[in-house]
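Here is query03.tsv, consisting of TSV, C-alpha atoms and all ligand atoms:
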chain	number	residue	atom	x	y	z
A	1	MET	CA	0.00	0.00	0.00
A	2	ALA	CA	1.46	3.36	-0.98
A	3	LEU	CA	0.74	6.53	0.93
A	4	THR	CA	0.94	9.84	-0.81
A	5	SER	CA	0.83	13.30	0.65
A	6	LEU	CA	-0.49	15.50	-2.14
A	7	ASP	CA	1.23	18.63	-0.93
A	8	GLY	CA	3.75	17.41	1.59
A	9	ASN	CA	1.99	19.26	4.40
A	10	THR	CA	0.99	16.07	6.14
A	11	GLY	CA	4.60	15.03	6.40
A	12	ILE	CA	3.73	11.51	5.37
A	13	GLY	CA	5.19	9.68	2.44
A	14	GLY	CA	6.69	6.32	1.74
A	15	LEU	CA	5.77	2.74	1.15
A	16	LEU	CA	3.99	0.53	3.62
A	17	PRO	CA	5.07	-3.07	3.57
A	18	GLY	CA	2.54	-5.51	2.19
A	19	LYS	CA	1.27	-6.80	-1.10
A	20	SER	CA	-1.65	-4.43	-1.65
A	21	ASP	CA	-1.18	-1.71	-4.26
A	22	ARG	CA	-3.95	0.48	-2.94
A	23	THR	CA	-3.09	4.13	-2.58
A	24	ILE	CA	-4.32	6.51	0.06
A	25	HIS	CA	-4.05	10.15	-0.96
A	26	ILE	CA	-4.05	12.58	1.90
A	27	GLY	CA	-5.04	16.08	0.85
A	28	SER	CA	-3.74	19.46	1.77
A	29	ARG	CA	-4.64	20.90	5.13
A	30	ALA	CA	-5.24	24.11	3.25
A	31	GLN	CA	-7.69	22.48	0.86
A	32	PRO	CA	-10.51	20.69	2.64
A	33	PRO	CA	-12.60	18.66	2.26
A	34	TRP	CA	-10.39	15.67	2.83
A	35	MET	CA	-10.71	12.89	0.27
A	36	VAL	CA	-9.31	9.46	0.82
A	37	ASP	CA	-8.72	7.40	-2.33
A	38	VAL	CA	-8.53	3.74	-1.45
A	39	GLY	CA	-7.91	2.42	-4.92
A	40	PRO	CA	-10.55	-0.01	-6.09
A	41	PHE	CA	-13.02	1.16	-3.45
A	42	PRO	CA	-15.26	4.19	-4.05
A	43	GLN	CA	-13.88	7.48	-2.87
A	44	VAL	CA	-14.95	8.10	0.69
A	45	PRO	CA	-15.60	11.60	1.81
A	46	ALA	CA	-13.33	13.35	3.91
A	47	LEU	CA	-12.31	12.77	7.44
A	48	GLU	CA	-12.51	15.65	9.81
A	49	MET	CA	-9.36	17.52	10.61
A	50	GLY	CA	-9.12	16.05	14.12
A	51	HIS	CA	-9.62	12.53	12.85
A	52	MET	CA	-7.14	13.06	10.04
A	53	THR	CA	-4.51	14.36	12.43
A	54	THR	CA	-4.98	11.31	14.62
A	55	CYS	CA	-4.83	9.10	11.57
A	56	ALA	CA	-1.66	10.82	10.39
A	57	ILE	CA	0.01	10.31	13.74
A	58	GLU	CA	-1.00	6.66	13.87
A	59	ILE	CA	0.35	6.05	10.37
A	60	SER	CA	3.55	7.84	11.29
A	61	ILE	CA	3.99	5.68	14.36
A	62	LEU	CA	3.56	2.67	12.09
A	63	PHE	CA	6.39	3.98	9.91
A	64	VAL	CA	8.62	4.40	12.92
A	65	LYS	CA	7.82	0.91	14.15
A	66	GLN	CA	8.56	-0.53	10.73
A	67	GLY	CA	11.89	1.29	10.57
A	68	PHE	CA	10.80	3.52	7.71
A	69	ALA	CA	11.18	7.26	7.39
A	70	THR	CA	10.00	9.18	10.42
A	71	SER	CA	7.35	11.82	9.99
A	72	LYS	CA	7.28	15.32	11.38
A	73	ALA	CA	3.97	14.31	13.01
A	74	VAL	CA	6.04	12.30	15.52
A	75	SER	CA	8.75	14.01	17.54
A	76	LYS	CA	12.30	12.91	16.77
A	77	SER	CA	15.40	13.41	18.81
A	78	ALA	CA	19.07	13.84	18.06
A	79	ILE	CA	22.25	14.10	20.11
A	80	VAL	CA	24.93	16.47	18.84
A	81	THR	CA	28.33	16.26	20.56
A	82	GLY	CA	30.57	19.32	20.79
A	83	ALA	CA	27.51	21.47	20.10
A	84	GLY	CA	28.38	24.48	22.26
A	85	GLN	CA	29.83	26.38	19.33
A	86	GLY	CA	30.99	26.21	15.72
A	87	ILE	CA	29.83	23.41	13.43
A	88	GLY	CA	28.11	21.46	16.24
A	89	LYS	CA	26.02	24.48	17.23
A	90	ALA	CA	24.99	25.07	13.61
A	91	ILE	CA	24.04	21.38	13.29
A	92	ALA	CA	22.01	21.46	16.52
A	93	LEU	CA	20.08	24.54	15.36
A	94	ARG	CA	19.54	23.15	11.86
A	95	LEU	CA	18.23	19.81	13.16
A	96	ALA	CA	15.94	21.70	15.54
A	97	GLN	CA	14.58	23.61	12.52
A	98	ASP	CA	14.10	20.22	10.83
A	99	GLY	CA	11.87	19.15	13.74
A	100	PHE	CA	14.29	17.34	16.05
A	101	ASP	CA	14.45	17.75	19.80
A	102	ILE	CA	18.13	18.08	20.65
A	103	CYS	CA	20.45	16.81	23.36
A	104	VAL	CA	23.29	19.37	23.39
A	105	ASN	CA	26.62	17.88	24.48
A	106	ASP	CA	29.87	19.67	25.23
A	107	LEU	CA	32.43	19.89	28.00
A	108	GLU	CA	31.07	21.24	31.27
A	109	MET	CA	33.55	24.14	31.15
A	110	ASN	CA	31.53	25.37	28.13
A	111	SER	CA	28.22	25.36	30.02
A	112	GLY	CA	27.58	29.03	29.20
A	113	MET	CA	27.69	28.33	25.46
A	114	VAL	CA	25.62	25.17	25.85
A	115	THR	CA	22.94	27.06	27.81
A	116	ASN	CA	22.70	29.58	24.97
A	117	VAL	CA	22.31	26.83	22.36
A	118	VAL	CA	19.63	25.14	24.49
A	119	GLU	CA	17.74	28.46	24.74
A	120	ASP	CA	18.06	29.06	20.97
A	121	ILE	CA	16.60	25.61	20.27
A	122	LYS	CA	13.70	26.19	22.66
A	123	ALA	CA	13.04	29.50	20.89
A	124	LEU	CA	12.59	27.46	17.70
A	125	GLY	CA	9.81	25.53	19.43
A	126	ARG	CA	11.74	22.31	20.05
A	127	LYS	CA	12.81	20.62	23.26
A	128	ALA	CA	16.47	20.80	24.23
A	129	VAL	CA	18.50	19.34	27.06
A	130	PRO	CA	22.16	19.85	28.00
A	131	ALA	CA	24.34	16.79	28.56
A	132	TYR	CA	27.83	17.68	29.72
A	133	GLY	CA	30.52	15.12	29.22
A	134	ASP	CA	33.85	14.30	27.65
A	135	VAL	CA	33.30	12.09	24.60
A	136	SER	CA	36.65	10.39	25.18
A	137	LYS	CA	35.24	8.80	28.36
A	138	LEU	CA	32.82	5.96	27.62
A	139	PRO	CA	30.83	6.20	30.91
A	140	GLN	CA	30.22	9.90	30.25
A	141	VAL	CA	29.06	9.14	26.71
A	142	GLU	CA	26.68	6.45	28.02
A	143	ALA	CA	25.34	8.92	30.57
A	144	MET	CA	24.78	11.42	27.74
A	145	VAL	CA	22.67	8.91	25.80
A	146	ASP	CA	20.71	8.07	28.97
A	147	THR	CA	20.04	11.76	29.60
A	148	SER	CA	18.82	12.22	26.05
A	149	VAL	CA	16.50	9.19	26.11
A	150	ASN	CA	15.14	9.98	29.60
A	151	GLN	CA	14.39	13.59	28.73
A	152	LEU	CA	13.59	13.52	25.01
A	153	GLY	CA	12.37	9.98	24.37
A	154	PRO	CA	13.59	7.45	21.80
A	155	LEU	CA	16.78	8.42	20.00
A	156	ASP	CA	16.77	8.80	16.20
A	157	VAL	CA	20.11	10.39	15.33
A	158	ILE	CA	23.56	10.93	16.82
A	159	VAL	CA	26.02	13.41	15.39
A	160	ALA	CA	29.51	12.63	16.73
A	161	ASN	CA	30.87	16.08	16.02
A	162	ALA	CA	33.15	16.89	18.98
A	163	GLY	CA	36.77	17.24	18.01
A	164	ILE	CA	40.02	19.03	18.71
A	165	ALA	CA	42.89	20.33	16.59
A	166	HIS	CA	46.56	20.39	17.37
A	167	VAL	CA	48.98	22.16	15.03
A	168	GLN	CA	52.60	21.09	14.99
A	169	TRP	CA	55.09	19.32	12.75
A	170	ALA	CA	54.39	15.59	12.77
A	171	MET	CA	58.03	14.99	13.69
A	172	ASP	CA	57.60	17.10	16.85
A	173	ALA	CA	54.43	15.38	18.08
A	174	LYS	CA	54.77	14.02	21.61
A	175	GLU	CA	53.08	10.86	22.91
A	176	ALA	CA	50.62	12.84	25.03
A	177	ASP	CA	49.62	15.07	22.07
A	178	ILE	CA	48.95	12.08	19.81
A	179	GLN	CA	47.09	10.24	22.55
A	180	ARG	CA	44.75	13.14	23.28
A	181	LEU	CA	44.03	13.74	19.59
A	182	PHE	CA	43.08	10.10	19.09
A	183	GLU	CA	41.15	9.89	22.37
A	184	VAL	CA	38.84	12.73	21.34
A	185	ASN	CA	38.80	12.59	17.54
A	186	PHE	CA	38.66	8.82	17.15
A	187	SER	CA	37.75	7.10	20.44
A	188	GLY	CA	35.18	9.85	21.11
A	189	VAL	CA	33.48	9.00	17.83
A	190	VAL	CA	33.65	5.25	18.48
A	191	TYR	CA	32.15	5.59	21.98
A	192	SER	CA	29.39	7.91	20.75
A	193	ASP	CA	28.51	5.54	17.91
A	194	GLN	CA	28.57	2.47	20.16
A	195	ALA	CA	26.37	4.01	22.84
A	196	ALA	CA	23.85	5.32	20.29
A	197	ALA	CA	23.83	2.06	18.29
A	198	ARG	CA	23.07	0.04	21.45
A	199	GLN	CA	20.13	2.36	22.09
A	200	PHE	CA	18.94	2.09	18.47
A	201	ILE	CA	19.12	-1.70	18.61
A	202	LYS	CA	17.18	-1.72	21.89
A	203	GLN	CA	14.50	0.47	20.32
A	204	GLY	CA	14.40	-1.78	17.24
A	205	SER	CA	13.48	0.89	14.73
A	206	GLY	CA	16.76	1.83	13.09
A	207	GLY	CA	18.68	5.05	13.46
A	208	LYS	CA	21.25	7.35	11.92
A	209	ILE	CA	24.85	7.76	12.98
A	210	ILE	CA	26.72	10.74	11.56
A	211	ASN	CA	30.42	11.29	12.29
A	212	ALA	CA	32.72	14.27	11.83
A	213	ALA	CA	35.72	13.35	9.73
A	214	SER	CA	38.38	15.31	7.91
A	215	ALA	CA	41.72	14.80	6.28
A	216	THR	CA	43.27	14.39	9.73
A	217	LYS	CA	40.59	11.95	10.80
A	218	ALA	CA	40.97	9.28	8.16
A	219	ALA	CA	40.45	6.65	10.86
A	220	VAL	CA	36.90	7.95	11.32
A	221	ARG	CA	36.23	7.44	7.64
A	222	SER	CA	37.43	3.86	7.82
A	223	PHE	CA	35.50	3.16	11.03
A	224	THR	CA	32.36	4.65	9.45
A	225	GLN	CA	32.60	2.13	6.61
A	226	SER	CA	33.08	-0.86	8.95
A	227	LEU	CA	30.27	0.16	11.26
A	228	ALA	CA	27.91	0.76	8.32
A	229	MET	CA	28.38	-2.88	7.27
A	230	GLU	CA	28.00	-4.13	10.84
A	231	LEU	CA	24.79	-2.22	11.61
A	232	ALA	CA	22.92	-2.38	8.29
A	233	ASP	CA	20.81	-5.35	9.47
A	234	HIS	CA	19.51	-3.15	12.28
A	235	LYS	CA	18.38	-0.49	9.75
A	236	ILE	CA	21.06	1.84	11.09
A	237	THR	CA	22.92	3.99	8.58
A	238	VAL	CA	26.42	5.26	9.39
A	239	ASN	CA	27.88	8.18	7.45
A	240	ALA	CA	30.41	10.94	7.95
A	241	TYR	CA	30.86	14.54	6.86
A	242	ALA	CA	34.28	15.98	6.08
A	243	PRO	CA	34.33	19.77	6.29
A	244	GLY	CA	36.96	21.82	4.51
A	245	VAL	CA	38.06	25.16	5.97
A	246	VAL	CA	35.29	26.31	8.29
A	247	ASP	CA	35.29	29.64	10.07
A	248	SER	CA	35.10	28.44	13.68
A	249	SER	CA	37.15	28.66	16.85
A	250	MET	CA	38.98	25.53	15.70
A	251	TRP	CA	40.33	27.38	12.68
A	252	GLU	CA	41.37	30.29	14.93
A	253	THR	CA	43.52	27.73	16.77
A	254	ILE	CA	44.84	26.30	13.50
A	255	ASP	CA	45.57	29.76	12.07
A	256	LYS	CA	47.43	30.76	15.25
A	257	GLY	CA	49.40	27.50	15.33
A	258	MET	CA	50.39	27.79	11.68
A	259	GLY	CA	51.33	31.44	12.22
A	260	GLU	CA	53.73	30.38	14.97
A	261	ILE	CA	55.34	27.98	12.50
A	262	ASN	CA	55.41	30.06	9.30
A	263	GLY	CA	55.38	33.56	10.77
A	264	LEU	CA	52.26	34.78	8.94
A	265	PRO	CA	50.16	37.34	10.86
A	266	LYS	CA	46.82	36.40	12.50
A	267	GLY	CA	44.13	35.47	9.99
A	268	GLU	CA	46.55	35.20	7.07
A	269	ASN	CA	46.79	31.39	7.00
A	270	PHE	CA	42.97	31.15	7.07
A	271	GLN	CA	42.65	33.62	4.17
A	272	LYS	CA	45.38	31.87	2.18
A	273	THR	CA	43.31	28.69	2.02
A	274	LYS	CA	40.87	30.43	-0.34
A	275	SER	CA	43.20	29.87	-3.27
A	276	THR	CA	42.79	26.10	-2.77
A	277	ILE	CA	38.98	26.18	-2.73
A	278	THR	CA	37.15	25.78	-6.04
A	279	MET	CA	34.15	27.75	-4.78
A	280	GLY	CA	36.47	30.65	-3.94
A	281	ARG	CA	35.36	31.13	-0.34
A	282	THR	CA	35.94	29.53	3.01
A	283	SER	CA	33.06	27.74	4.68
A	284	VAL	CA	30.61	28.73	7.40
A	285	PRO	CA	29.27	26.14	9.90
A	286	GLU	CA	25.84	26.31	8.24
A	287	ASP	CA	27.34	24.87	5.01
A	288	VAL	CA	28.17	21.71	6.93
A	289	ALA	CA	24.86	21.68	8.84
A	290	LYS	CA	22.98	21.45	5.52
A	291	MET	CA	24.75	18.19	4.68
A	292	VAL	CA	24.11	16.81	8.17
A	293	SER	CA	20.45	17.76	7.80
A	294	PHE	CA	20.32	15.55	4.70
A	295	LEU	CA	22.15	12.68	6.42
A	296	ALA	CA	19.76	12.90	9.39
A	297	SER	CA	16.67	12.88	7.20
A	298	SER	CA	14.78	10.07	5.51
A	299	ASP	CA	16.08	11.42	2.18
A	300	SER	CA	19.37	9.65	2.94
A	301	ASP	CA	17.83	6.29	3.86
A	302	TYR	CA	19.73	4.58	1.03
A	303	VAL	CA	23.08	6.20	1.85
A	304	THR	CA	25.46	4.43	4.22
A	305	GLY	CA	29.19	4.05	4.76
A	306	GLN	CA	29.87	7.34	2.98
A	307	THR	CA	32.05	10.28	3.89
A	308	MET	CA	30.53	13.38	2.32
A	309	LEU	CA	32.98	16.15	1.50
A	310	VAL	CA	31.63	19.61	2.27
A	311	ASP	CA	34.68	21.63	1.32
A	312	GLY	CA	33.69	23.86	-1.59
A	313	GLY	CA	35.78	21.70	-3.90
A	314	ILE	CA	39.18	21.40	-2.21
A	315	ALA	CA	39.25	17.69	-2.91
A	316	PHE	CA	37.27	15.76	-5.52
A	317	SER	CA	36.03	12.32	-4.49
A	401	LIG	N1	36.65	23.89	11.47
A	401	LIG	C1	37.07	23.19	10.45
A	401	LIG	O1	37.57	23.76	9.46
A	401	LIG	C2	36.99	21.68	10.45
A	401	LIG	C3	37.52	21.00	9.35
A	401	LIG	C4	37.43	19.62	9.31
A	401	LIG	C5	36.83	18.93	10.36
A	401	LIG	N2	36.33	19.61	11.41
A	401	LIG	C6	35.72	18.83	12.49
A	401	LIG	O2	34.41	19.30	12.75
A	401	LIG	C7	34.11	19.16	14.14
A	401	LIG	C8	33.67	20.50	14.71
A	401	LIG	O3	34.68	21.46	14.50
A	401	LIG	P1	34.52	22.99	14.87
A	401	LIG	O4	35.26	23.74	13.85
A	401	LIG	O5	33.10	23.36	15.14
A	401	LIG	O6	35.35	23.03	16.21
A	401	LIG	P2	35.18	23.98	17.50
A	401	LIG	O7	36.49	23.91	18.20
A	401	LIG	O8	34.67	25.30	17.10
A	401	LIG	O9	34.07	23.22	18.34
A	401	LIG	C9	34.30	21.93	18.83
A	401	LIG	C10	33.50	21.72	20.09
A	401	LIG	O10	33.79	20.41	20.57
A	401	LIG	C11	33.95	20.47	21.98
A	401	LIG	N3	34.79	19.39	22.45
A	401	LIG	C12	36.13	19.26	22.32
A	401	LIG	N4	36.55	18.16	22.93
A	401	LIG	C13	35.47	17.57	23.48
A	401	LIG	C14	35.27	16.41	24.24
A	401	LIG	N5	36.29	15.62	24.58
A	401	LIG	N6	34.01	16.10	24.63
A	401	LIG	C15	32.98	16.89	24.31
A	401	LIG	N7	33.10	18.01	23.58
A	401	LIG	C16	34.33	18.36	23.17
A	401	LIG	C17	34.60	21.81	22.23
A	401	LIG	O11	34.44	22.24	23.57
A	401	LIG	C18	33.90	22.70	21.21
A	401	LIG	O12	32.77	23.33	21.75
A	401	LIG	C19	35.39	18.63	14.79
A	401	LIG	O13	35.30	17.23	14.95
A	401	LIG	C20	36.47	18.96	13.79
A	401	LIG	O14	37.57	18.10	13.85
A	401	LIG	C21	36.39	20.97	11.48
Could you render the structure as C-alpha cells?
Amino acid sequence: MALTSLDGNTGIGGLLPGKSDRTIHIGSRAQPPWMVDVGPFPQVPALEMGHMTTCAIEISILFVKQGFATSKAVSKSAIVTGAGQGIGKAIALRLAQDGFDICVNDLEMNSGMVTNVVEDIKALGRKAVPAYGDVSKLPQVEAMVDTSVNQLGPLDVIVANAGIAHVQWAMDAKEADIQRLFEVNFSGVVYSDQAAARQFIKQGSGGKIINAASATKAAVRSFTQSLAMELADHKITVNAYAPGVVDSSMWETIDKGMGEINGLPKGENFQKTKSTITMGRTSVPEDVAKMVSFLASSDSDYVTGQTMLVDGGIAFS
C-alpha cells in the first residue's frame, strides 16, 4: 500500500510493507474537504481535521515501528556532541529547525555556550536538554545517551561532532599530544557511535549515525565504513561529513598554530586557504549543517558508509 501526501503538508510519504497496491491520498490541510482514495473502493468523503490528524500520527507511528522514514507528526530526537559552538552548534540549530528535539553535548567548562544553544533551540519551538561530558570517556558518553533518552524519548540520530585540533610538525608530536588527539577525535566518535547504536538496537526501529571526519581523521572514515556494514541489518545507517576550511574557533587555533610555525600574521593562513577552494570562499558552519540535515533525514535512507565532502571543492572524491 502506498501513501501519498499531495502537498507534503501532512509530512507523510513512503511505502507501507505488504502486497496491496492500494493508494491513500491525503489532501492538503489548506484544501478541505479531505478525500481518501482507497484504490478499487469508491472514494470516501473526507475525514474531519481532528480525525485526520490522529490518523496521520498513527500512520507515522507505524512507519517508525517498521523502521521507515520518520514523519514530522512524531517528535524525533538527536544528540549532537561538541555542540556548544561552531559546526556542532549550527548542526544542533539546523536539526531543531528540521523538527528534532536536541540533546546538546559539550564539555562542562563550556556550560555558558551550551545554555545559549539550548535556549536558541527552545526559541525554535523544540525541546532541548544539555548533557555535559567528555566524549573520550565511555561512561560519560553512556550517561549522555541516557540523559537524552530519559528527557527527550527514543533516540533517532547521533552526530559525533566533537573534536580538537593540534597544530605542529608531525616529527615534533609528543606521545601525550597524539594520545589526546586520538582519544577525542577517534575514540570519542567510536564511543558515541557504540552508545547510540546500542540504544537504536534496543528500540528496534533503526537510526542514523553521523560522524565528523576530515583529512586528519581518516580513521573515522574507515571506522564509518566498517560500522555501516555491521549495523545495516539493524536499519542503522552510518555516514560521515568531512568539512573543509570552516570559520570556527577551531580554525582560529589552527591559524594561530600555523602562524607560529610560518610567521604569517593572524588570519593570514585562514585567508590563504581560499586559493585552494574551487568555490572561492571559506566555509561557514551552516554549510556543513545542511549536509548533516540531509544525512539525518529520511532522504538519505539509502546512503550508508559514505564520507561526504563539504569543502567547496578542495578535494574531488
Ligand atoms: N573547522 C574546520 O575547518 C573543520 C575541518 C574539518 C573537520 N572539522 C571537524 O568538525 C568538528 C567541529 O569542528 P569545529 O570547527 O566546530 O570546532 P570547534 O572547536 O569550534 O568546536 C568543537 C566543540 O567540541 C567540543 N569538544 C572538544 N573536545 C570535546 C570532548 N572531549 N568532549 C565533548 N566536547 C568536546 C569543544 O568544547 C567545542 O565546543 C570537529 O570534529 C572537527 O575536527 C572541522
One decimal place gives the CA of Gln85 in chain A-atom O12 of ligand LIG 401 (chain A) separation as 4.9 Å
Taking the point (25.6, 24.0, 2.7) as given in the file, collect each protein or nucleic acid residue that comes within 12 Å of it, counting only C-alpha atoms, and present the set as JSON, numbers by chain.
-> {"A": [87, 90, 91, 94, 241, 243, 244, 246, 279, 282, 283, 284, 285, 286, 287, 288, 289, 290, 291, 292, 293, 294, 308, 309, 310, 311, 312]}
Put the listed atoms of ligand LIG 401 (chain A) in a box along x, y and z with 3 Å added on every side and give me the centre and edge lengths in Å to one decimal, as AutoDock Vina command-line options.
--center_x 35.2 --center_y 20.5 --center_z 17.0 --size_x 10.8 --size_y 15.7 --size_z 21.3
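Shortest separation to Gly99 in chain A among A:Ile201, A:Met113, A:Met171, A:Ala78 occurs at residue A:Ala78, atoms counted being only C-alpha atoms.
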Return as a ChimeraX atom specification the residues of protein, DNA or RNA that approach ligand LIG 401 (chain A) to within 8 Å, with all atoms listed in the file taken into account.
-> /A:81-89,105-107,109-110,132-137,160-165,183-185,188,212-217,242-251,283,285
Test item: residues at most 9 Å from range 220-227 of chain A, all atoms listed in the file, excluding those fewer than 6 positions along its chain, as a list in words =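 So the residues in contact are Asn185, Phe186, Val189, Val190, Asp193, Ile209, Ile210, Asn211, Ala212, Ala213, Ser214, Thr237, Val238, Asn239, Ala240, Tyr241, Ala242, Thr304, Gly305, Gln306 and Thr307 of chain A.
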Export of prior selection with C-alpha atoms as a compact mmCIF listing (two decimals), in the frame of the given file:
# COMPACT_ATOMS: atom_id res chain seq x y z
CA ASN A 185 38.80 12.59 17.54
CA PHE A 186 38.66 8.82 17.15
CA VAL A 189 33.48 9.00 17.83
CA VAL A 190 33.65 5.25 18.48
CA ASP A 193 28.51 5.54 17.91
CA ILE A 209 24.85 7.76 12.98
CA ILE A 210 26.72 10.74 11.56
CA ASN A 211 30.42 11.29 12.29
CA ALA A 212 32.72 14.27 11.83
CA ALA A 213 35.72 13.35 9.73
CA SER A 214 38.38 15.31 7.91
CA THR A 237 22.92 3.99 8.58
CA VAL A 238 26.42 5.26 9.39
CA ASN A 239 27.88 8.18 7.45
CA ALA A 240 30.41 10.94 7.95
CA TYR A 241 30.86 14.54 6.86
CA ALA A 242 34.28 15.98 6.08
CA THR A 304 25.46 4.43 4.22
CA GLY A 305 29.19 4.05 4.76
CA GLN A 306 29.87 7.34 2.98
CA THR A 307 32.05 10.28 3.89
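Among the candidate residues A:Thr253, A:Ser297, A:Gln199, A:Asn262, the one lying nearest to Phe100 in chain A is A:Ser297, with distances computed using all atoms listed in the file.
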How many Å separate CA of Ser205 in chain A from CA of Leu155 in chain A?
-> 9.8 Å
Å distance separating CA of Ala128 in chain A from CA of Cys103 in chain A, one decimal place |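 These two atoms are separated by 5.7 Å.
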Within 10 Å of Leu138 in chain A using all atoms listed in the file, minus same-chain residues under 6 positions, as an MDAnalysis selection string | chainID A and resid 144 187:188 190:192 194:195
